[in-house]
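Colleague: Dropping in query-v2.tsv, which is TSV, C-alpha atoms:
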chain	number	residue	atom	x	y	z
Q	4	MET	CA	-14.36	-9.54	-4.34
Q	5	ALA	CA	-15.04	-9.12	-0.65
Q	6	VAL	CA	-16.46	-12.18	1.07
Q	7	TYR	CA	-18.36	-11.73	4.34
Q	8	SER	CA	-19.03	-14.60	6.73
Q	9	ILE	CA	-22.22	-14.44	8.82
Q	10	ALA	CA	-20.60	-16.84	11.30
Q	11	LYS	CA	-18.06	-14.14	12.21
Q	12	TYR	CA	-20.82	-11.74	13.25
Q	13	LYS	CA	-22.69	-14.46	15.18
Q	14	ALA	CA	-19.53	-15.38	17.11
Q	15	ILE	CA	-18.93	-11.75	18.10
Q	16	LEU	CA	-22.53	-11.24	19.24
Q	17	GLU	CA	-22.49	-14.44	21.32
Q	18	ASN	CA	-19.01	-14.19	22.85
Q	19	GLN	CA	-18.18	-10.50	23.18
Q	20	ASP	CA	-19.66	-7.97	25.62
Q	21	ALA	CA	-18.75	-5.04	23.39
Q	22	TRP	CA	-19.27	-4.87	19.65
Q	23	ILE	CA	-16.12	-5.35	17.55
Q	24	GLN	CA	-16.14	-4.72	13.84
Q	25	PRO	CA	-14.80	-7.89	12.19
Q	26	ALA	CA	-11.96	-7.45	9.72
Q	27	PHE	CA	-11.69	-9.65	6.65
Q	28	LYS	CA	-8.08	-9.40	5.52
Q	29	LYS	CA	-8.14	-12.39	3.16
Q	30	PRO	CA	-10.85	-13.18	0.58
Q	31	GLN	CA	-11.92	-16.63	1.71
Q	32	LEU	CA	-15.05	-18.44	2.81
Q	33	ASP	CA	-16.01	-21.75	4.45
Q	34	ILE	CA	-18.64	-23.60	2.43
Q	35	VAL	CA	-20.61	-26.69	3.49
Q	36	TRP	CA	-20.88	-29.83	1.35
Q	37	ASN	CA	-24.31	-30.47	-0.22
Q	38	ARG	CA	-25.49	-27.04	0.92
Q	39	ASP	CA	-23.06	-24.49	-0.45
Q	40	TYR	CA	-21.25	-26.74	-2.93
Q	41	SER	CA	-21.69	-30.13	-4.60
Q	42	THR	CA	-20.76	-32.05	-7.76
Q	43	VAL	CA	-23.23	-32.22	-10.64
Q	44	GLY	CA	-22.48	-33.90	-13.95
Q	45	GLY	CA	-18.73	-33.81	-13.48
Q	46	LEU	CA	-18.80	-30.13	-12.48
Q	47	PHE	CA	-18.54	-28.34	-9.15
Q	48	SER	CA	-21.70	-26.44	-8.27
Q	49	VAL	CA	-21.00	-23.53	-5.89
Q	50	ASN	CA	-23.65	-21.32	-4.31
Q	51	THR	CA	-23.08	-17.57	-4.77
Q	52	ILE	CA	-25.06	-14.37	-4.21
Q	53	SER	CA	-25.97	-14.42	-7.89
Q	54	GLY	CA	-27.08	-18.06	-7.81
Q	55	ARG	CA	-25.40	-21.38	-8.45
Q	56	VAL	CA	-22.25	-21.42	-10.55
Q	57	LYS	CA	-21.04	-24.65	-12.19
Q	58	LEU	CA	-17.31	-24.91	-12.75
Q	59	ALA	CA	-14.99	-27.45	-14.34
Q	60	PHE	CA	-12.09	-28.80	-12.30
Q	61	TYR	CA	-8.95	-30.88	-12.65
Q	62	ASP	CA	-8.88	-34.26	-10.92
Q	63	ASN	CA	-5.48	-35.42	-12.14
Q	64	ALA	CA	-3.96	-37.81	-9.55
Q	65	MET	CA	-7.10	-37.30	-7.41
Q	66	GLU	CA	-9.55	-39.55	-9.27
Q	67	ARG	CA	-9.90	-41.93	-6.32
Q	68	TYR	CA	-11.49	-39.21	-4.18
Q	69	PHE	CA	-14.40	-39.02	-6.63
Q	70	ASP	CA	-15.23	-42.75	-6.72
Q	71	GLY	CA	-18.08	-42.33	-4.21
Q	72	SER	CA	-16.35	-43.94	-1.23
Q	73	TRP	CA	-14.94	-40.69	0.16
Q	74	ARG	CA	-16.90	-38.15	2.19
Q	75	PHE	CA	-16.36	-34.46	1.52
Q	76	GLY	CA	-16.40	-31.98	4.41
Q	77	THR	CA	-16.63	-28.23	4.87
Q	78	ALA	CA	-14.35	-26.71	2.24
Q	79	LYS	CA	-12.49	-23.41	2.18
Q	80	LEU	CA	-12.74	-21.14	-0.85
Q	81	VAL	CA	-9.49	-19.14	-1.03
Q	82	ASN	CA	-8.20	-16.46	-3.37
Q	83	LYS	CA	-4.45	-16.48	-4.00
Q	84	HIS	CA	-2.52	-14.55	-6.63
Q	85	GLY	CA	-5.71	-13.63	-8.45
Q	86	LYS	CA	-6.99	-17.22	-8.67
Q	87	TRP	CA	-9.65	-19.05	-6.69
Q	88	PHE	CA	-8.89	-22.40	-5.02
Q	89	LEU	CA	-11.28	-24.80	-3.29
Q	90	HIS	CA	-9.62	-26.72	-0.45
Q	91	ILE	CA	-11.73	-29.80	0.30
Q	92	PRO	CA	-11.12	-32.13	3.27
Q	93	CYS	CA	-11.91	-35.79	2.52
Q	94	SER	CA	-12.52	-38.63	4.96
Q	95	LYS	CA	-13.01	-42.36	4.66
Q	96	LYS	CA	-13.20	-45.25	7.13
Q	97	PHE	CA	-10.75	-48.11	6.71
Q	98	GLU	CA	-11.04	-51.45	8.47
Q	99	GLU	CA	-8.19	-52.25	10.83
Q	100	PRO	CA	-6.48	-55.63	10.16
Q	101	ALA	CA	-7.08	-58.40	12.69
Q	102	GLY	CA	-4.33	-59.03	15.21
Q	103	ASP	CA	-3.28	-62.29	13.55
Q	104	CYS	CA	-3.12	-60.78	10.05
Q	105	TYR	CA	0.02	-58.70	10.46
Q	106	GLN	CA	2.70	-59.99	8.13
Q	107	ASN	CA	5.38	-57.46	9.06
Q	108	ILE	CA	6.41	-55.42	12.09
Q	109	VAL	CA	8.37	-52.20	11.68
Q	110	GLY	CA	9.89	-50.25	14.57
Q	111	VAL	CA	10.10	-46.55	13.68
Q	112	ASP	CA	12.39	-44.25	15.64
Q	113	LEU	CA	11.77	-40.52	15.02
Q	114	GLY	CA	14.54	-38.02	15.59
Q	115	VAL	CA	16.55	-35.03	14.42
Q	116	ASN	CA	19.73	-36.50	12.91
Q	117	PHE	CA	17.50	-38.95	11.05
Q	118	THR	CA	13.90	-37.85	10.62
Q	119	ALA	CA	12.90	-41.52	10.81
Q	120	VAL	CA	14.70	-44.87	11.08
Q	121	ALA	CA	12.68	-48.00	10.31
Q	122	TYR	CA	13.74	-51.50	11.41
Q	123	CYS	CA	11.79	-54.26	9.61
Q	124	SER	CA	11.02	-57.88	10.45
Q	125	ASP	CA	13.37	-59.10	7.69
Q	126	GLY	CA	16.31	-57.28	9.32
Q	127	ARG	CA	16.38	-54.35	6.89
Q	128	THR	CA	17.01	-50.86	8.25
Q	129	ILE	CA	15.78	-47.81	6.31
Q	130	PHE	CA	17.24	-44.39	7.17
Q	131	TYR	CA	15.49	-41.11	6.29
Q	132	SER	CA	18.22	-38.51	6.65
Q	133	GLY	CA	17.52	-35.27	8.49
Q	134	LYS	CA	20.70	-33.40	7.43
Q	135	LYS	CA	19.03	-31.28	4.75
Q	136	VAL	CA	16.18	-30.58	7.14
Q	137	LYS	CA	18.57	-29.41	9.87
Q	138	HIS	CA	20.46	-27.23	7.39
Q	139	LYS	CA	17.34	-25.51	6.07
Q	140	ARG	CA	15.93	-24.96	9.54
Q	141	ALA	CA	19.20	-23.36	10.58
Q	142	GLY	CA	18.75	-20.94	7.68
Q	143	TYR	CA	15.21	-20.08	8.77
Q	144	LYS	CA	16.45	-19.52	12.31
Q	145	ALA	CA	19.23	-17.16	11.18
Q	146	VAL	CA	16.87	-15.06	9.05
Q	147	ARG	CA	14.34	-14.92	11.87
Q	148	GLN	CA	16.95	-13.67	14.34
Q	149	GLN	CA	18.03	-10.91	11.95
Q	150	LEU	CA	14.46	-9.74	11.44
Q	151	GLN	CA	13.71	-9.81	15.18
Q	152	ARG	CA	16.62	-7.47	15.85
Q	153	ARG	CA	15.31	-4.86	13.38
Q	154	GLN	CA	11.92	-4.36	15.08
Q	155	THR	CA	10.33	-2.56	12.12
Q	156	PRO	CA	6.84	-2.99	10.62
Q	157	SER	CA	8.32	-4.50	7.44
Q	158	SER	CA	10.46	-6.94	9.44
Q	159	ARG	CA	7.40	-8.08	11.42
Q	160	ARG	CA	5.48	-8.69	8.20
Q	161	ARG	CA	8.45	-10.61	6.87
Q	162	LEU	CA	8.62	-12.67	10.07
Q	163	LYS	CA	4.99	-13.67	9.69
Q	164	SER	CA	5.53	-14.60	6.05
Q	165	ILE	CA	8.60	-16.71	6.86
Q	166	GLY	CA	6.75	-18.46	9.69
Q	167	SER	CA	3.95	-19.47	7.32
Q	168	ARG	CA	6.45	-20.61	4.72
Q	169	GLU	CA	8.36	-22.74	7.22
Q	170	ASN	CA	5.13	-24.32	8.47
Q	171	ARG	CA	4.18	-25.30	4.92
Q	172	TRP	CA	7.64	-26.71	4.35
Q	173	VAL	CA	7.47	-28.78	7.57
Q	174	GLN	CA	4.11	-30.16	6.47
Q	175	ASP	CA	5.57	-31.11	3.09
Q	176	VAL	CA	8.60	-32.84	4.65
Q	177	ASN	CA	6.36	-34.85	6.98
Q	178	HIS	CA	4.12	-35.81	4.07
Q	179	CYS	CA	7.09	-37.00	2.00
Q	180	VAL	CA	8.71	-38.97	4.85
Q	181	SER	CA	5.45	-40.61	5.96
Q	182	LYS	CA	4.52	-41.57	2.39
Q	183	ALA	CA	7.97	-43.02	1.67
Q	184	LEU	CA	7.90	-44.97	4.94
Q	185	VAL	CA	4.43	-46.45	4.50
Q	186	THR	CA	4.80	-47.30	0.80
Q	187	SER	CA	8.12	-49.06	1.46
Q	188	GLN	CA	6.27	-51.75	3.43
Q	189	GLN	CA	3.71	-54.34	2.44
Q	190	LYS	CA	0.02	-54.34	3.28
Q	191	GLY	CA	-0.76	-55.61	6.76
Q	192	THR	CA	2.24	-54.00	8.45
Q	193	LEU	CA	2.27	-53.00	12.10
Q	194	PHE	CA	4.21	-49.75	12.55
Q	195	VAL	CA	5.46	-49.27	16.11
Q	196	LEU	CA	6.26	-45.70	17.22
Q	197	GLU	CA	7.04	-44.11	20.54
Q	198	ASP	CA	4.21	-42.49	22.47
Q	199	LEU	CA	5.49	-38.91	22.43
Q	200	ALA	CA	3.00	-37.51	24.93
Q	201	GLY	CA	4.92	-35.07	27.13
Q	202	ILE	CA	7.92	-34.98	24.79
Q	203	ARG	CA	7.95	-31.16	24.79
Q	204	GLY	CA	8.44	-31.03	28.55
Q	205	ALA	CA	11.31	-33.49	28.31
Q	206	THR	CA	13.10	-31.83	25.41
Q	207	GLU	CA	12.86	-28.36	26.92
Q	208	LYS	CA	15.48	-29.52	29.42
Q	209	VAL	CA	18.12	-29.51	26.68
Q	210	SER	CA	20.50	-26.59	26.17
Q	211	LEU	CA	19.12	-23.34	24.78
Q	212	LYS	CA	21.29	-23.74	21.67
Q	213	GLN	CA	19.68	-27.06	20.77
Q	214	ARG	CA	16.15	-26.27	21.96
Q	215	TYR	CA	14.86	-24.86	18.66
Q	216	VAL	CA	16.10	-27.86	16.67
Q	217	ILE	CA	14.66	-30.50	18.98
Q	218	VAL	CA	11.53	-28.94	20.48
Q	219	SER	CA	9.99	-27.20	17.49
Q	220	TRP	CA	9.89	-30.07	14.99
Q	221	SER	CA	6.37	-31.47	14.63
Q	222	PHE	CA	6.88	-35.12	15.54
Q	223	TYR	CA	3.20	-35.47	16.46
Q	224	ASP	CA	2.19	-34.24	13.01
Q	225	LEU	CA	4.55	-36.79	11.42
Q	226	ARG	CA	3.04	-39.57	13.51
Q	227	GLN	CA	-0.48	-38.51	12.51
Q	228	LYS	CA	0.46	-38.59	8.83
Q	229	ILE	CA	2.04	-42.03	9.19
Q	230	THR	CA	-1.11	-43.24	10.96
Q	231	TYR	CA	-3.64	-42.25	8.32
Q	232	LYS	CA	-1.41	-43.20	5.38
Q	233	ALA	CA	-0.87	-46.63	6.96
Q	234	ALA	CA	-4.63	-47.07	7.42
Q	235	MET	CA	-5.18	-46.32	3.73
Q	236	ARG	CA	-2.85	-49.22	2.86
Q	237	GLY	CA	-4.41	-51.71	5.28
Q	238	SER	CA	-1.72	-51.29	7.95
Q	239	THR	CA	-1.81	-50.05	11.55
Q	240	VAL	CA	0.20	-47.76	13.82
Q	241	VAL	CA	0.55	-48.32	17.56
Q	242	ALA	CA	2.27	-46.04	20.08
Q	243	VAL	CA	4.21	-47.75	22.88
Q	244	ASP	CA	5.96	-46.61	26.03
Q	245	PRO	CA	9.25	-44.95	24.96
Q	246	ALA	CA	11.02	-45.75	28.25
Q	247	HIS	CA	14.63	-46.89	27.67
Q	248	THR	CA	14.21	-47.49	23.92
Q	249	SER	CA	17.41	-45.51	23.31
Q	250	GLN	CA	19.35	-46.97	26.27
Q	251	GLU	CA	18.49	-50.67	26.12
Q	252	CYS	CA	20.72	-53.04	24.19
Q	253	PRO	CA	18.71	-54.84	21.49
Q	254	ALA	CA	21.11	-57.80	21.68
Q	255	CYS	CA	21.32	-58.59	25.42
Q	256	GLY	CA	18.75	-56.27	27.02
Q	257	HIS	CA	21.27	-54.44	29.23
Q	258	THR	CA	19.94	-50.94	29.99
Q	259	LYS	CA	22.24	-48.09	30.87
Q	260	ARG	CA	22.35	-44.40	29.94
Q	261	GLY	CA	26.04	-44.68	29.06
Q	262	ASN	CA	25.25	-47.17	26.29
Q	263	ARG	CA	24.31	-44.31	23.99
Q	264	ASP	CA	26.69	-41.62	22.75
Q	265	LYS	CA	24.46	-38.76	21.57
Q	266	LYS	CA	27.31	-36.71	20.09
Q	267	LEU	CA	28.57	-39.54	17.87
Q	268	HIS	CA	25.04	-40.98	17.34
Q	269	MET	CA	26.34	-44.40	18.31
Q	270	PHE	CA	25.12	-47.18	20.59
Q	271	HIS	CA	27.72	-49.28	22.41
Q	272	CYS	CA	26.53	-51.79	24.99
Q	273	LYS	CA	28.76	-51.71	28.07
Q	274	LYS	CA	27.93	-55.33	28.84
Q	275	CYS	CA	28.03	-57.37	25.61
Q	276	GLY	CA	29.86	-54.89	23.38
Q	277	TYR	CA	27.13	-54.63	20.72
Q	278	ARG	CA	27.61	-51.58	18.46
Q	279	SER	CA	25.22	-49.85	16.09
Q	280	ASN	CA	23.72	-46.50	15.13
Q	281	ASP	CA	21.76	-45.20	18.14
Q	282	ASP	CA	18.59	-44.54	16.11
Q	283	ARG	CA	18.80	-48.02	14.56
Q	284	SER	CA	19.04	-49.63	18.00
Q	285	GLY	CA	15.99	-47.58	19.02
Q	286	GLY	CA	14.09	-48.92	16.01
Q	287	MET	CA	15.12	-52.48	16.93
Q	288	ASN	CA	13.80	-52.03	20.47
Q	289	LEU	CA	10.52	-50.65	19.11
Q	290	HIS	CA	10.30	-53.67	16.78
Q	291	ARG	CA	10.64	-55.95	19.80
Q	292	LYS	CA	7.97	-53.99	21.66
Q	293	GLY	CA	5.72	-54.50	18.63
Q	294	ILE	CA	6.16	-58.27	18.92
Q	295	GLU	CA	5.30	-58.07	22.63
Q	296	TYR	CA	2.27	-55.90	21.83
Q	297	LEU	CA	0.93	-58.47	19.33
Q	298	ALA	CA	1.51	-61.36	21.73
Q	299	LYS	CA	-0.34	-59.53	24.50
Q	300	THR	CA	-3.21	-58.58	22.17
Q	301	GLN	CA	-3.63	-62.17	20.90
Q	302	LEU	CA	-3.53	-63.50	24.47
Q	303	THR	CA	-6.24	-61.06	25.53
Q	304	GLN	CA	-8.43	-62.01	22.55
Q	305	ALA	CA	-7.98	-65.72	23.34
Q	306	VAL	CA	-9.10	-65.21	26.94
Show me, as structure tokens, the structure contained in the file I just sent.
Modeller:
Amino acid sequence: MAVYSIAKYKAILENQDAWIQPAFKKPQLDIVWNRDYSTVGGLFSVNTISGRVKLAFYDNAMERYFDGSWRFGTAKLVNKHGKWFLHIPCSKKFEEPAGDCYQNIVGVDLGVNFTAVAYCSDGRTIFYSGKKVKHKRAGYKAVRQQLQRRQTPSSRRRLKSIGSRENRWVQDVNHCVSKALVTSQQKGTLFVLEDLAGIRGATEKVSLKQRYVIVSWSFYDLRQKITYKAAMRGSTVVAVDPAHTSQECPACGHTKRGNRDKKLHMFHCKKCGYRSNDDRSGGMNLHRKGIEYLAKTQLTQAV
């Protein structure tokens, strides 16, 4: 069934000087909540050319989204493999805990060797390994390079398909890591992450061989997922200045670039001799910055 969107024609008429015939390659349609679709008597009611159609749906593991506290947005009706799917975005406001209600502070260092390393207030360190991620991405890179050398129509179609598949896989990895991280901590936790604004410009200075591994991973997407998952559990995420978090000694405060050995992924303070995993020391420094952030926030509120 071909689905035509009036919005496509309106956009062309408003933005283009010359008429361009729109092409609809995929059978899909954006539909608005309470206008084009709604829920009636436990069924989805969808507006069609032939009138309203009421359809049953599965809500297994999604019951909470139908308790009345969530707001549905503009959904996308998509046809895949001969079946129709309704992708519905949901939103809900969660109250942020007061500054004096945080019972736990967790410094979270994001990276490549370990996707995330969390250092908790009780001294625990949780590592989320990135070895399998690196291995699979290397496989995607090798296949992509082979297809790029062929320069044929079929190889270009394959490249596009692989790109979409890798993007979905990255999204899934970030979902799994963020969920595991947030659910491992109690309610009222303050997660402290680095403010990665401008990280792409910094990482593009690395060697060409390592650029794909470091630059192309979606750290911002991972942070966004941690943020909203934490809010759903009554916790909060703050982003702090990342300056020297990987070079400063968490034991004595001595800061020097030589303290960190990137090849061995080790931190060795040149002043006091403290040794640890470099990502763990980064998480410890972020934990300390979280304590400083809370102290500053409480002082400001008191004034």
Colleague: Select, from Q:Ile52, Q:Val120, Q:Ile229, Q:Met235, the residue with the minimum atom-to-atom distance to Q:Trp73, counting all atoms listed in the file.
Modeller: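 The shortest atom-to-atom distance to Q:Trp73 comes from Q:Met235.
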Colleague: Sorted by chain and rising residue number, which residues of stretch 224-285 of chain Q lie within 7 Å of stretch 182-191 of chain Q, and what are their closest atom pairs and distances in Å to one decimal, counting only C-alpha atoms, as CSV?
Modeller:
residue,atom,partner,partner_atom,distance
Q:Ile229,CA,Q:Val185,CA,6.9
Q:Lys232,CA,Q:Val185,CA,6.7
Q:Ala233,CA,Q:Val185,CA,5.8
Q:Arg236,CA,Q:Lys190,CA,5.9
Q:Gly237,CA,Q:Lys190,CA,5.5
Q:Ser238,CA,Q:Gly191,CA,4.6
Colleague: Take atom CA of Q:Leu80 and atom CA of Q:Glu66 and report the distance between them in Å, one decimal.
Modeller: 20.5 Å
Colleague: For a test of reading the model, state the distance in Å between atom CA of Q:Glu98 and atom CA of Q:Lys79, rounded to one decimal.
Modeller: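 Rounded to one decimal, the two atoms are 28.8 Å apart.
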Colleague: Just give me the gap between atom CA of Q:Arg159 and atom CA of Q:Val81 in Å, one decimal is fine.
Modeller: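 Between these atoms lies a distance of 23.7 Å.
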Colleague: Find the spatial neighbours of Q:Ile129, counting all atoms listed in the file, within a cut-off of 9 Å - ignore same-chain residues fewer than 3 positions away - and output them as a PDB file with C-alpha atoms, in the coordinates of the input.
Modeller:
ATOM      1  CA  ALA Q 119      12.900 -41.520  10.810  1.00  0.00           C
ATOM      2  CA  VAL Q 120      14.700 -44.870  11.080  1.00  0.00           C
ATOM      3  CA  ALA Q 121      12.680 -48.000  10.310  1.00  0.00           C
ATOM      4  CA  TYR Q 122      13.740 -51.500  11.410  1.00  0.00           C
ATOM      5  CA  CYS Q 123      11.790 -54.260   9.610  1.00  0.00           C
ATOM      6  CA  LEU Q 184       7.900 -44.970   4.940  1.00  0.00           C
ATOM      7  CA  ARG Q 283      18.800 -48.020  14.560  1.00  0.00           C
TER       8      ARG Q 283
END
Colleague: Looking at all atoms listed in the file, which of Q:Asp264, Q:Asp112, Q:Glu251, Q:Glu99 is the one that sits closest to Q:Thr239?
Modeller: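 The answer is Q:Glu99, which sits nearest to Q:Thr239.
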Colleague: Could N, CA and C atoms be built for stretch 273-302 of chain Q and written out as a JSON list (two decimals), in the frame of the given file?
Modeller:
[["chain", "number", "residue", "atom", "x", "y", "z"],
["Q", 273, "LYS", "N", 27.66, -51.57, 27.12],
["Q", 273, "LYS", "CA", 28.76, -51.71, 28.07],
["Q", 273, "LYS", "C", 28.90, -53.13, 28.59],
["Q", 274, "LYS", "N", 27.89, -53.97, 28.33],
["Q", 274, "LYS", "CA", 27.93, -55.33, 28.84],
["Q", 274, "LYS", "C", 28.38, -56.33, 27.79],
["Q", 275, "CYS", "N", 27.71, -56.36, 26.63],
["Q", 275, "CYS", "CA", 28.03, -57.37, 25.61],
["Q", 275, "CYS", "C", 28.87, -56.82, 24.47],
["Q", 276, "GLY", "N", 29.03, -55.48, 24.41],
["Q", 276, "GLY", "CA", 29.86, -54.89, 23.38],
["Q", 276, "GLY", "C", 29.17, -54.63, 22.06],
["Q", 277, "TYR", "N", 27.86, -54.84, 21.98],
["Q", 277, "TYR", "CA", 27.13, -54.63, 20.72],
["Q", 277, "TYR", "C", 27.22, -53.16, 20.30],
["Q", 278, "ARG", "N", 27.49, -52.93, 19.01],
["Q", 278, "ARG", "CA", 27.61, -51.58, 18.46],
["Q", 278, "ARG", "C", 26.65, -51.38, 17.30],
["Q", 279, "SER", "N", 26.10, -50.18, 17.21],
["Q", 279, "SER", "CA", 25.22, -49.85, 16.09],
["Q", 279, "SER", "C", 24.91, -48.35, 16.13],
["Q", 280, "ASN", "N", 24.25, -47.87, 15.10],
["Q", 280, "ASN", "CA", 23.72, -46.50, 15.13],
["Q", 280, "ASN", "C", 22.68, -46.41, 16.24],
["Q", 281, "ASP", "N", 22.68, -45.30, 17.00],
["Q", 281, "ASP", "CA", 21.76, -45.20, 18.14],
["Q", 281, "ASP", "C", 20.29, -45.19, 17.72],
["Q", 282, "ASP", "N", 19.98, -44.55, 16.57],
["Q", 282, "ASP", "CA", 18.59, -44.54, 16.11],
["Q", 282, "ASP", "C", 18.17, -45.92, 15.61],
["Q", 283, "ARG", "N", 19.11, -46.66, 15.02],
["Q", 283, "ARG", "CA", 18.80, -48.02, 14.56],
["Q", 283, "ARG", "C", 18.50, -48.93, 15.75],
["Q", 284, "SER", "N", 19.30, -48.81, 16.81],
["Q", 284, "SER", "CA", 19.04, -49.63, 18.00],
["Q", 284, "SER", "C", 17.69, -49.28, 18.62],
["Q", 285, "GLY", "N", 17.32, -47.98, 18.54],
["Q", 285, "GLY", "CA", 15.99, -47.58, 19.02],
["Q", 285, "GLY", "C", 14.89, -48.22, 18.20],
["Q", 286, "GLY", "N", 15.07, -48.26, 16.87],
["Q", 286, "GLY", "CA", 14.09, -48.92, 16.01],
["Q", 286, "GLY", "C", 13.99, -50.41, 16.29],
["Q", 287, "MET", "N", 15.12, -51.05, 16.60],
["Q", 287, "MET", "CA", 15.12, -52.48, 16.93],
["Q", 287, "MET", "C", 14.35, -52.74, 18.22],
["Q", 288, "ASN", "N", 14.53, -51.87, 19.21],
["Q", 288, "ASN", "CA", 13.80, -52.03, 20.47],
["Q", 288, "ASN", "C", 12.30, -51.81, 20.27],
["Q", 289, "LEU", "N", 11.93, -50.87, 19.40],
["Q", 289, "LEU", "CA", 10.52, -50.65, 19.11],
["Q", 289, "LEU", "C", 9.94, -51.84, 18.35],
["Q", 290, "HIS", "N", 10.73, -52.46, 17.49],
["Q", 290, "HIS", "CA", 10.30, -53.67, 16.78],
["Q", 290, "HIS", "C", 10.00, -54.78, 17.78],
["Q", 291, "ARG", "N", 10.88, -54.94, 18.77],
["Q", 291, "ARG", "CA", 10.64, -55.95, 19.80],
["Q", 291, "ARG", "C", 9.39, -55.65, 20.61],
["Q", 292, "LYS", "N", 9.17, -54.36, 20.91],
["Q", 292, "LYS", "CA", 7.97, -53.99, 21.66],
["Q", 292, "LYS", "C", 6.72, -54.26, 20.83],
["Q", 293, "GLY", "N", 6.83, -54.16, 19.50],
["Q", 293, "GLY", "CA", 5.72, -54.50, 18.63],
["Q", 293, "GLY", "C", 5.37, -55.97, 18.70],
["Q", 294, "ILE", "N", 6.39, -56.82, 18.77],
["Q", 294, "ILE", "CA", 6.16, -58.27, 18.92],
["Q", 294, "ILE", "C", 5.47, -58.55, 20.25],
["Q", 295, "GLU", "N", 5.93, -57.89, 21.31],
["Q", 295, "GLU", "CA", 5.30, -58.07, 22.63],
["Q", 295, "GLU", "C", 3.87, -57.57, 22.62],
["Q", 296, "TYR", "N", 3.62, -56.46, 21.92],
["Q", 296, "TYR", "CA", 2.27, -55.90, 21.83],
["Q", 296, "TYR", "C", 1.33, -56.89, 21.15],
["Q", 297, "LEU", "N", 1.77, -57.50, 20.05],
["Q", 297, "LEU", "CA", 0.93, -58.47, 19.33],
["Q", 297, "LEU", "C", 0.65, -59.70, 20.19],
["Q", 298, "ALA", "N", 1.69, -60.18, 20.88],
["Q", 298, "ALA", "CA", 1.51, -61.36, 21.73],
["Q", 298, "ALA", "C", 0.51, -61.09, 22.85],
["Q", 299, "LYS", "N", 0.59, -59.90, 23.43],
["Q", 299, "LYS", "CA", -0.34, -59.53, 24.50],
["Q", 299, "LYS", "C", -1.75, -59.38, 23.97],
["Q", 300, "THR", "N", -1.89, -58.78, 22.78],
["Q", 300, "THR", "CA", -3.21, -58.58, 22.17],
["Q", 300, "THR", "C", -3.85, -59.92, 21.85],
["Q", 301, "GLN", "N", -3.09, -60.86, 21.27],
["Q", 301, "GLN", "CA", -3.63, -62.17, 20.90],
["Q", 301, "GLN", "C", -4.01, -62.97, 22.13],
["Q", 302, "LEU", "N", -3.22, -62.81, 23.22],
["Q", 302, "LEU", "CA", -3.53, -63.50, 24.47],
["Q", 302, "LEU", "C", -4.83, -62.97, 25.06]]
